[in-house]
file structure03.txt (compact mmCIF, C-alpha atoms and all ligand atoms)
# COMPACT_ATOMS: atom_id res chain seq x y z
CA MET A 38 -54.32 152.39 94.87
CA LYS A 39 -54.49 151.97 91.13
CA THR A 40 -51.06 150.33 91.05
CA LEU A 41 -52.12 148.07 93.89
CA ILE A 42 -55.14 146.88 91.94
CA PHE A 43 -53.01 146.48 88.86
CA SER A 44 -50.39 144.39 90.68
CA ALA A 45 -53.13 142.25 92.18
CA PHE A 46 -54.48 141.72 88.70
CA LEU A 47 -51.02 140.73 87.43
CA MET A 48 -50.60 138.34 90.31
CA ILE A 49 -53.90 136.61 89.57
CA LEU A 50 -52.87 136.41 85.92
CA ALA A 51 -49.52 134.88 86.87
CA LEU A 52 -51.14 132.41 89.26
CA SER A 53 -53.72 131.30 86.76
CA SER A 54 -51.02 130.50 84.21
CA PHE A 55 -49.62 128.02 86.74
CA THR A 56 -52.94 126.33 87.30
CA GLN A 57 -53.02 124.43 84.03
CA THR A 58 -53.87 120.80 84.54
CA LYS A 59 -51.33 118.29 83.30
CA VAL A 60 -52.11 114.86 81.91
CA ARG A 61 -49.46 112.28 82.68
CA ILE A 62 -49.15 108.67 81.60
CA ASP A 63 -48.08 106.69 84.66
CA GLN A 64 -48.33 103.28 83.12
CA LYS A 65 -48.91 101.94 79.63
CA MET A 66 -49.39 98.38 78.49
CA GLY A 67 -49.55 97.00 74.99
CA PHE A 68 -48.68 100.10 72.97
CA ASP A 69 -46.18 98.02 71.06
CA THR A 70 -46.30 99.57 67.59
CA PRO A 71 -45.29 103.08 66.46
CA GLU A 72 -48.87 103.59 65.24
CA LEU A 73 -50.40 102.85 68.64
CA GLN A 74 -47.76 104.96 70.36
CA LYS A 75 -48.37 107.90 68.03
CA LYS A 76 -52.15 107.73 68.50
CA LEU A 77 -51.68 107.64 72.26
CA ASN A 78 -49.39 110.69 72.32
CA GLU A 79 -51.75 112.65 70.10
CA ALA A 80 -54.79 111.72 72.17
CA VAL A 81 -53.14 112.62 75.48
CA GLY A 82 -52.01 115.96 74.02
CA LEU A 83 -55.57 116.72 72.86
CA PHE A 84 -56.96 115.61 76.24
CA GLU A 85 -54.68 118.06 78.07
CA LYS A 86 -55.30 120.89 75.65
CA THR A 87 -59.09 120.52 75.72
CA ILE A 88 -59.63 120.38 79.48
CA ASN A 89 -57.63 123.57 79.92
CA THR A 90 -59.90 125.62 77.65
CA ASN A 91 -62.56 128.02 78.91
CA GLU A 92 -64.97 126.31 76.55
CA PHE A 93 -64.55 123.03 78.43
CA ALA A 94 -65.17 124.67 81.81
CA ASN A 95 -68.21 126.55 80.50
CA LEU A 96 -69.78 123.45 78.98
CA VAL A 97 -69.22 121.36 82.12
CA LEU A 98 -70.92 124.10 84.16
CA THR A 99 -73.88 124.49 81.82
CA LYS A 100 -74.74 120.91 80.79
CA LYS A 101 -77.12 118.87 82.91
CA LEU A 102 -75.07 116.21 84.69
CA LEU A 103 -76.53 113.12 86.34
CA ARG A 104 -74.79 110.89 88.93
CA ARG A 105 -72.57 113.68 90.22
CA ASN A 106 -71.81 111.80 93.46
CA GLY A 107 -73.41 114.61 95.42
CA LEU A 108 -71.19 117.28 93.87
CA SER A 109 -72.24 120.53 92.22
CA SER A 110 -71.25 121.05 88.58
CA ASN A 111 -68.38 123.16 89.88
CA GLY A 112 -67.37 120.31 92.14
CA VAL A 113 -67.31 117.92 89.18
CA LEU A 114 -65.19 120.35 87.16
CA ASP A 115 -62.78 120.82 90.08
CA LYS A 116 -62.45 117.08 90.58
CA ILE A 117 -61.41 116.67 86.95
CA LEU A 118 -59.08 119.67 86.80
CA ASN A 119 -57.54 118.79 90.17
CA GLY A 120 -56.81 115.26 89.01
CA GLU A 121 -58.40 113.91 92.16
CA GLU A 122 -58.40 110.19 91.44
CA LEU A 123 -60.11 108.02 94.09
CA GLY A 124 -57.97 107.94 97.21
CA THR A 125 -55.50 110.59 96.02
CA ILE A 126 -55.01 114.25 96.84
CA PRO A 127 -55.80 117.04 94.35
CA ASP A 128 -52.54 117.79 92.53
CA GLN A 129 -53.69 119.17 89.17
CA ILE A 130 -52.15 116.14 87.53
CA ILE A 131 -54.33 113.64 85.75
CA ASN A 132 -52.57 110.32 86.15
CA LEU A 133 -53.41 107.72 83.53
CA SER A 134 -52.74 103.99 83.53
CA LEU A 135 -53.51 102.78 80.05
CA LYS A 136 -53.83 99.43 78.38
CA VAL A 137 -54.44 98.20 74.84
CA ASP A 138 -57.10 95.49 74.99
CA THR A 139 -56.63 92.80 72.35
CA THR A 140 -59.35 90.45 73.57
CA PHE A 141 -62.59 90.64 71.67
CA ARG A 142 -65.25 92.54 73.56
CA ASN A 143 -68.38 94.28 72.45
CA GLU A 144 -67.29 97.67 73.82
CA ILE A 145 -64.89 100.53 73.19
CA GLY A 146 -63.17 100.06 76.50
CA HIS A 147 -63.59 99.75 80.22
CA THR A 148 -61.96 100.77 83.47
CA THR A 149 -60.95 98.44 86.27
CA GLY A 150 -59.70 100.34 89.32
CA LYS A 151 -57.45 102.94 87.72
CA ILE A 152 -56.56 100.92 84.63
CA ILE A 153 -58.22 102.14 81.46
CA ALA A 154 -58.36 99.45 78.78
CA THR A 155 -59.29 100.32 75.22
CA GLN A 156 -59.95 97.99 72.31
CA LYS A 157 -56.96 97.91 69.98
CA ASN A 158 -59.21 98.18 66.92
CA TYR A 159 -60.92 101.25 68.29
CA ILE A 160 -57.60 103.05 68.77
CA LEU A 161 -56.39 102.13 65.29
CA GLU A 162 -59.61 102.74 63.39
CA HIS A 163 -60.61 106.05 64.97
CA SER A 164 -59.01 109.46 65.26
CA ALA A 165 -56.86 110.66 68.15
CA GLN A 166 -59.78 113.03 68.91
CA CYS A 167 -62.10 110.08 69.48
CA TYR A 168 -59.52 108.29 71.60
CA ALA A 169 -59.12 111.47 73.69
CA ALA A 170 -62.91 111.69 74.22
CA HIS A 171 -62.97 108.00 75.19
CA LEU A 172 -60.07 108.48 77.62
CA ILE A 173 -61.80 111.28 79.50
CA HIS A 174 -65.00 109.23 79.71
CA GLU A 175 -63.02 106.40 81.28
CA TYR A 176 -61.05 108.80 83.47
CA CYS A 177 -64.37 109.91 84.99
CA HIS A 178 -64.71 106.29 86.20
CA VAL A 179 -61.24 106.56 87.77
CA LEU A 180 -62.60 109.64 89.59
CA GLY A 181 -65.48 107.50 90.89
CA PHE A 182 -68.30 108.53 88.54
CA SER A 183 -70.52 105.79 87.18
CA HIS A 184 -73.34 105.20 84.71
CA PRO A 185 -75.85 102.43 84.06
CA LYS A 186 -74.85 99.67 81.66
CA ARG A 187 -78.03 99.86 79.66
CA ARG A 188 -78.21 102.48 76.92
CA THR A 189 -80.86 104.98 78.04
CA TRP A 190 -81.32 108.74 77.75
CA ARG A 191 -80.37 108.99 81.41
CA ARG A 192 -77.08 107.24 80.76
CA ALA A 193 -76.19 109.83 78.13
CA LYS A 194 -76.60 112.55 80.80
CA THR A 195 -74.24 110.98 83.34
CA VAL A 196 -70.87 112.58 84.10
CA PRO A 197 -68.71 110.11 82.10
CA TYR A 198 -70.87 110.39 78.97
CA GLN A 199 -71.44 114.14 79.13
CA ILE A 200 -67.76 114.90 79.73
CA GLY A 201 -66.78 112.58 76.88
CA TYR A 202 -69.31 114.28 74.57
CA ILE A 203 -68.05 117.74 75.57
CA VAL A 204 -64.47 116.83 74.62
CA ARG A 205 -65.62 115.17 71.41
CA ASP A 206 -67.66 118.23 70.44
CA ILE A 207 -64.87 120.71 71.25
CA LEU A 208 -62.53 118.63 69.10
CA GLY A 209 -65.17 118.66 66.36
CA GLU A 210 -65.43 114.93 65.84
CA LYS A 211 -68.20 112.41 65.46
CA CYS A 212 -67.22 109.30 67.36
CA PRO A 213 -69.09 106.11 68.18
ZN ZN A 301 -68.23 104.13 80.95
call {"tool": "encode", "arguments": {"input": "structure03.txt", "output": "structure tokens"}}
result
Amino acid sequence: MKTLIFSAFLMILALSSFTQTKVRIDQKMGFDTPELQKKLNEAVGLFEKTINTNEFANLVLTKKLLRRNGLSSNGVLDKILNGEELGTIPDQIINLSLKVDTTFRNEIGHTTGKIIATQKNYILEHSAQCYAAHLIHEYCHVLGFSHPKRRTWRRAKTVPYQIGYIVRDILGEKCP
């Protein structure tokens, strides 16, 4: 019996090591300098590393989240870790389509459909940690989560903002 329990334990351990979520870049537009490319690779690496920590899961489950699209906190966490972009099946792969935005806009970035556009200046003038936090905020939009445009305390509690803040805090950065 003891060995049975032990093998079950080993099996769970083995399975859980396979359930790491991957972050993949499907499409990238405008990363035409080594500096932009380097920042992107660093940010995506940090993104993947952070979401696979226990700390990330614990914070997502304990923070108050608004606009959860009818999901529980666990449901929100699963949606992220399963890489369940709108209209796709859960595959534990976060698929990113990324763009460098060179037009002047009064924002860090925005998401249209599945394309995440980020201001070139923001990428260059901030750390890879900040870019990673921004990417997960925008990725929440790809998953179908929204927030009001106006800056209010409620907006700061929505899924995209909270998840972005969690990643930023785990990475120990202060980002605009
Ligand atoms: Zn947003």
call {"tool": "residues_around", "arguments": {"input": "structure03.txt", "residues": "region 161-173 of chain A", "least_positions_apart": "5", "cutoff": "10 Å", "atoms": "only C-alpha atoms", "output": "PDB file with C-alpha atoms, in the coordinates of the input"}}
result
ATOM      1  CA  GLU A  72     -48.870 103.590  65.240  1.00  0.00           C
ATOM      2  CA  LEU A  73     -50.400 102.850  68.640  1.00  0.00           C
ATOM      3  CA  LYS A  75     -48.370 107.900  68.030  1.00  0.00           C
ATOM      4  CA  LYS A  76     -52.150 107.730  68.500  1.00  0.00           C
ATOM      5  CA  LEU A  77     -51.680 107.640  72.260  1.00  0.00           C
ATOM      6  CA  ASN A  78     -49.390 110.690  72.320  1.00  0.00           C
ATOM      7  CA  GLU A  79     -51.750 112.650  70.100  1.00  0.00           C
ATOM      8  CA  ALA A  80     -54.790 111.720  72.170  1.00  0.00           C
ATOM      9  CA  VAL A  81     -53.140 112.620  75.480  1.00  0.00           C
ATOM     10  CA  GLY A  82     -52.010 115.960  74.020  1.00  0.00           C
ATOM     11  CA  LEU A  83     -55.570 116.720  72.860  1.00  0.00           C
ATOM     12  CA  PHE A  84     -56.960 115.610  76.240  1.00  0.00           C
ATOM     13  CA  GLU A  85     -54.680 118.060  78.070  1.00  0.00           C
ATOM     14  CA  THR A  87     -59.090 120.520  75.720  1.00  0.00           C
ATOM     15  CA  ILE A  88     -59.630 120.380  79.480  1.00  0.00           C
ATOM     16  CA  ILE A 117     -61.410 116.670  86.950  1.00  0.00           C
ATOM     17  CA  LEU A 133     -53.410 107.720  83.530  1.00  0.00           C
ATOM     18  CA  LEU A 135     -53.510 102.780  80.050  1.00  0.00           C
ATOM     19  CA  ILE A 145     -64.890 100.530  73.190  1.00  0.00           C
ATOM     20  CA  GLY A 146     -63.170 100.060  76.500  1.00  0.00           C
ATOM     21  CA  HIS A 147     -63.590  99.750  80.220  1.00  0.00           C
ATOM     22  CA  THR A 148     -61.960 100.770  83.470  1.00  0.00           C
ATOM     23  CA  ILE A 153     -58.220 102.140  81.460  1.00  0.00           C
ATOM     24  CA  ALA A 154     -58.360  99.450  78.780  1.00  0.00           C
ATOM     25  CA  THR A 155     -59.290 100.320  75.220  1.00  0.00           C
ATOM     26  CA  GLN A 156     -59.950  97.990  72.310  1.00  0.00           C
ATOM     27  CA  HIS A 178     -64.710 106.290  86.200  1.00  0.00           C
ATOM     28  CA  VAL A 179     -61.240 106.560  87.770  1.00  0.00           C
ATOM     29  CA  PRO A 197     -68.710 110.110  82.100  1.00  0.00           C
ATOM     30  CA  TYR A 198     -70.870 110.390  78.970  1.00  0.00           C
ATOM     31  CA  ILE A 200     -67.760 114.900  79.730  1.00  0.00           C
ATOM     32  CA  GLY A 201     -66.780 112.580  76.880  1.00  0.00           C
ATOM     33  CA  TYR A 202     -69.310 114.280  74.570  1.00  0.00           C
ATOM     34  CA  ILE A 203     -68.050 117.740  75.570  1.00  0.00           C
ATOM     35  CA  VAL A 204     -64.470 116.830  74.620  1.00  0.00           C
ATOM     36  CA  ARG A 205     -65.620 115.170  71.410  1.00  0.00           C
ATOM     37  CA  ASP A 206     -67.660 118.230  70.440  1.00  0.00           C
ATOM     38  CA  ILE A 207     -64.870 120.710  71.250  1.00  0.00           C
ATOM     39  CA  LEU A 208     -62.530 118.630  69.100  1.00  0.00           C
ATOM     40  CA  GLY A 209     -65.170 118.660  66.360  1.00  0.00           C
ATOM     41  CA  GLU A 210     -65.430 114.930  65.840  1.00  0.00           C
ATOM     42  CA  LYS A 211     -68.200 112.410  65.460  1.00  0.00           C
ATOM     43  CA  CYS A 212     -67.220 109.300  67.360  1.00  0.00           C
ATOM     44  CA  PRO A 213     -69.090 106.110  68.180  1.00  0.00           C
TER      45      PRO A 213
END
call {"tool": "residues_around", "arguments": {"input": "structure03.txt", "residues": "Leu118 (chain A)", "least_positions_apart": "5", "cutoff": "10 Å", "atoms": "all atoms listed in the file", "output": "NGL selection string"}}
result
:A and (56-60 or 85 or 88-89 or 94 or 112-113 or 127-131)
call {"tool": "closest_residue", "arguments": {"input": "structure03.txt", "among": "A:Lys101, A:Asn91, A:Gln74, A:Ile62", "to": "Ala193 (chain A)", "atoms": "only C-alpha atoms"}}
result
A:Lys101
call {"tool": "atom_distance", "arguments": {"input": "structure03.txt", "atom1": "CA of Asp69 (chain A)", "atom2": "atom ZN of ligand ZN 301 (chain A)"}}
result
24.9 Å
call {"tool": "closest_residue", "arguments": {"input": "structure03.txt", "among": "A:Gln199, A:Ser183, A:Thr125, A:Asn119", "to": "ligand ZN 301 (chain A)", "atoms": "all atoms listed in the file"}}
result
A:Ser183
call {"tool": "atom_distance", "arguments": {"input": "structure03.txt", "atom1": "CA of Gly181 (chain A)", "atom2": "CA of Lys136 (chain A)"}}
result
18.9 Å
call {"tool": "atom_distance", "arguments": {"input": "structure03.txt", "atom1": "CA of Asn111 (chain A)", "atom2": "CA of Glu92 (chain A)"}}
result
14.1 Å
call {"tool": "axis_aligned_box", "arguments": {"input": "structure03.txt", "around": "region 185-198 of chain A", "padding_each_side": "5 Å", "output": "JSON"}}
result
{"center_x": -75.0, "center_y": 106.1, "center_z": 80.5, "size_x": 22.6, "size_y": 22.9, "size_z": 17.2}
call {"tool": "residues_around", "arguments": {"input": "structure03.txt", "residues": "Arg105 (chain A)", "least_positions_apart": "3", "cutoff": "7 Å", "atoms": "all atoms listed in the file", "output": "list in words"}}
result
Leu102, Leu108, Val113, Phe182 and Val196 of chain A
call {"tool": "decode", "arguments": {"input": "structure03.txt", "residues": "region 135-183 of chain A", "atoms": "C-alpha atoms", "output": "PDB file, in the first residue's frame"}}
result
ATOM      1  CA  LEU A 135       3.368  41.157 -31.261  1.00  0.00           C
ATOM      2  CA  LYS A 136       3.901  44.473 -32.932  1.00  0.00           C
ATOM      3  CA  VAL A 137       6.112  47.498 -32.328  1.00  0.00           C
ATOM      4  CA  ASP A 138       3.956  50.608 -32.631  1.00  0.00           C
ATOM      5  CA  THR A 139       5.837  53.597 -34.016  1.00  0.00           C
ATOM      6  CA  THR A 140       2.852  55.920 -34.364  1.00  0.00           C
ATOM      7  CA  PHE A 141       2.479  58.440 -31.595  1.00  0.00           C
ATOM      8  CA  ARG A 142      -0.238  57.506 -29.151  1.00  0.00           C
ATOM      9  CA  ASN A 143      -0.899  58.494 -25.595  1.00  0.00           C
ATOM     10  CA  GLU A 144      -0.734  54.907 -24.291  1.00  0.00           C
ATOM     11  CA  ILE A 145       1.688  52.089 -23.570  1.00  0.00           C
ATOM     12  CA  GLY A 146      -0.003  49.780 -26.018  1.00  0.00           C
ATOM     13  CA  HIS A 147      -3.235  48.228 -27.120  1.00  0.00           C
ATOM     14  CA  THR A 148      -4.655  44.979 -28.428  1.00  0.00           C
ATOM     15  CA  THR A 149      -6.687  44.562 -31.595  1.00  0.00           C
ATOM     16  CA  GLY A 150      -8.019  41.024 -31.966  1.00  0.00           C
ATOM     17  CA  LYS A 151      -4.976  38.964 -31.047  1.00  0.00           C
ATOM     18  CA  ILE A 152      -2.371  41.527 -32.079  1.00  0.00           C
ATOM     19  CA  ILE A 153      -0.632  43.218 -29.185  1.00  0.00           C
ATOM     20  CA  ALA A 154       0.924  46.540 -30.184  1.00  0.00           C
ATOM     21  CA  THR A 155       3.342  48.314 -27.875  1.00  0.00           C
ATOM     22  CA  GLN A 156       4.833  51.772 -28.223  1.00  0.00           C
ATOM     23  CA  LYS A 157       8.415  51.553 -29.437  1.00  0.00           C
ATOM     24  CA  ASN A 158       9.554  54.139 -26.881  1.00  0.00           C
ATOM     25  CA  TYR A 159       8.013  52.188 -24.046  1.00  0.00           C
ATOM     26  CA  ILE A 160       9.908  49.029 -24.997  1.00  0.00           C
ATOM     27  CA  LEU A 161      13.197  50.887 -25.343  1.00  0.00           C
ATOM     28  CA  GLU A 162      12.918  53.111 -22.287  1.00  0.00           C
ATOM     29  CA  HIS A 163      11.672  50.531 -19.789  1.00  0.00           C
ATOM     30  CA  SER A 164      12.983  47.250 -18.457  1.00  0.00           C
ATOM     31  CA  ALA A 165      12.178  43.819 -19.853  1.00  0.00           C
ATOM     32  CA  GLN A 166      10.286  43.277 -16.565  1.00  0.00           C
ATOM     33  CA  CYS A 167       7.947  46.162 -17.379  1.00  0.00           C
ATOM     34  CA  TYR A 168       7.477  44.941 -20.935  1.00  0.00           C
ATOM     35  CA  ALA A 169       6.621  41.468 -19.569  1.00  0.00           C
ATOM     36  CA  ALA A 170       4.015  42.958 -17.196  1.00  0.00           C
ATOM     37  CA  HIS A 171       2.561  44.982 -20.073  1.00  0.00           C
ATOM     38  CA  LEU A 172       2.433  41.893 -22.319  1.00  0.00           C
ATOM     39  CA  ILE A 173       0.436  39.868 -19.815  1.00  0.00           C
ATOM     40  CA  HIS A 174      -1.979  42.772 -19.323  1.00  0.00           C
ATOM     41  CA  GLU A 175      -2.553  42.861 -23.075  1.00  0.00           C
ATOM     42  CA  TYR A 176      -2.696  39.068 -23.278  1.00  0.00           C
ATOM     43  CA  CYS A 177      -5.659  39.195 -20.873  1.00  0.00           C
ATOM     44  CA  HIS A 178      -7.451  41.178 -23.604  1.00  0.00           C
ATOM     45  CA  VAL A 179      -6.601  38.402 -26.091  1.00  0.00           C
ATOM     46  CA  LEU A 180      -8.293  36.035 -23.608  1.00  0.00           C
ATOM     47  CA  GLY A 181     -11.391  38.253 -23.713  1.00  0.00           C
ATOM     48  CA  PHE A 182     -11.011  40.238 -20.479  1.00  0.00           C
ATOM     49  CA  SER A 183     -11.729  43.944 -20.610  1.00  0.00           C
TER      50      SER A 183
END
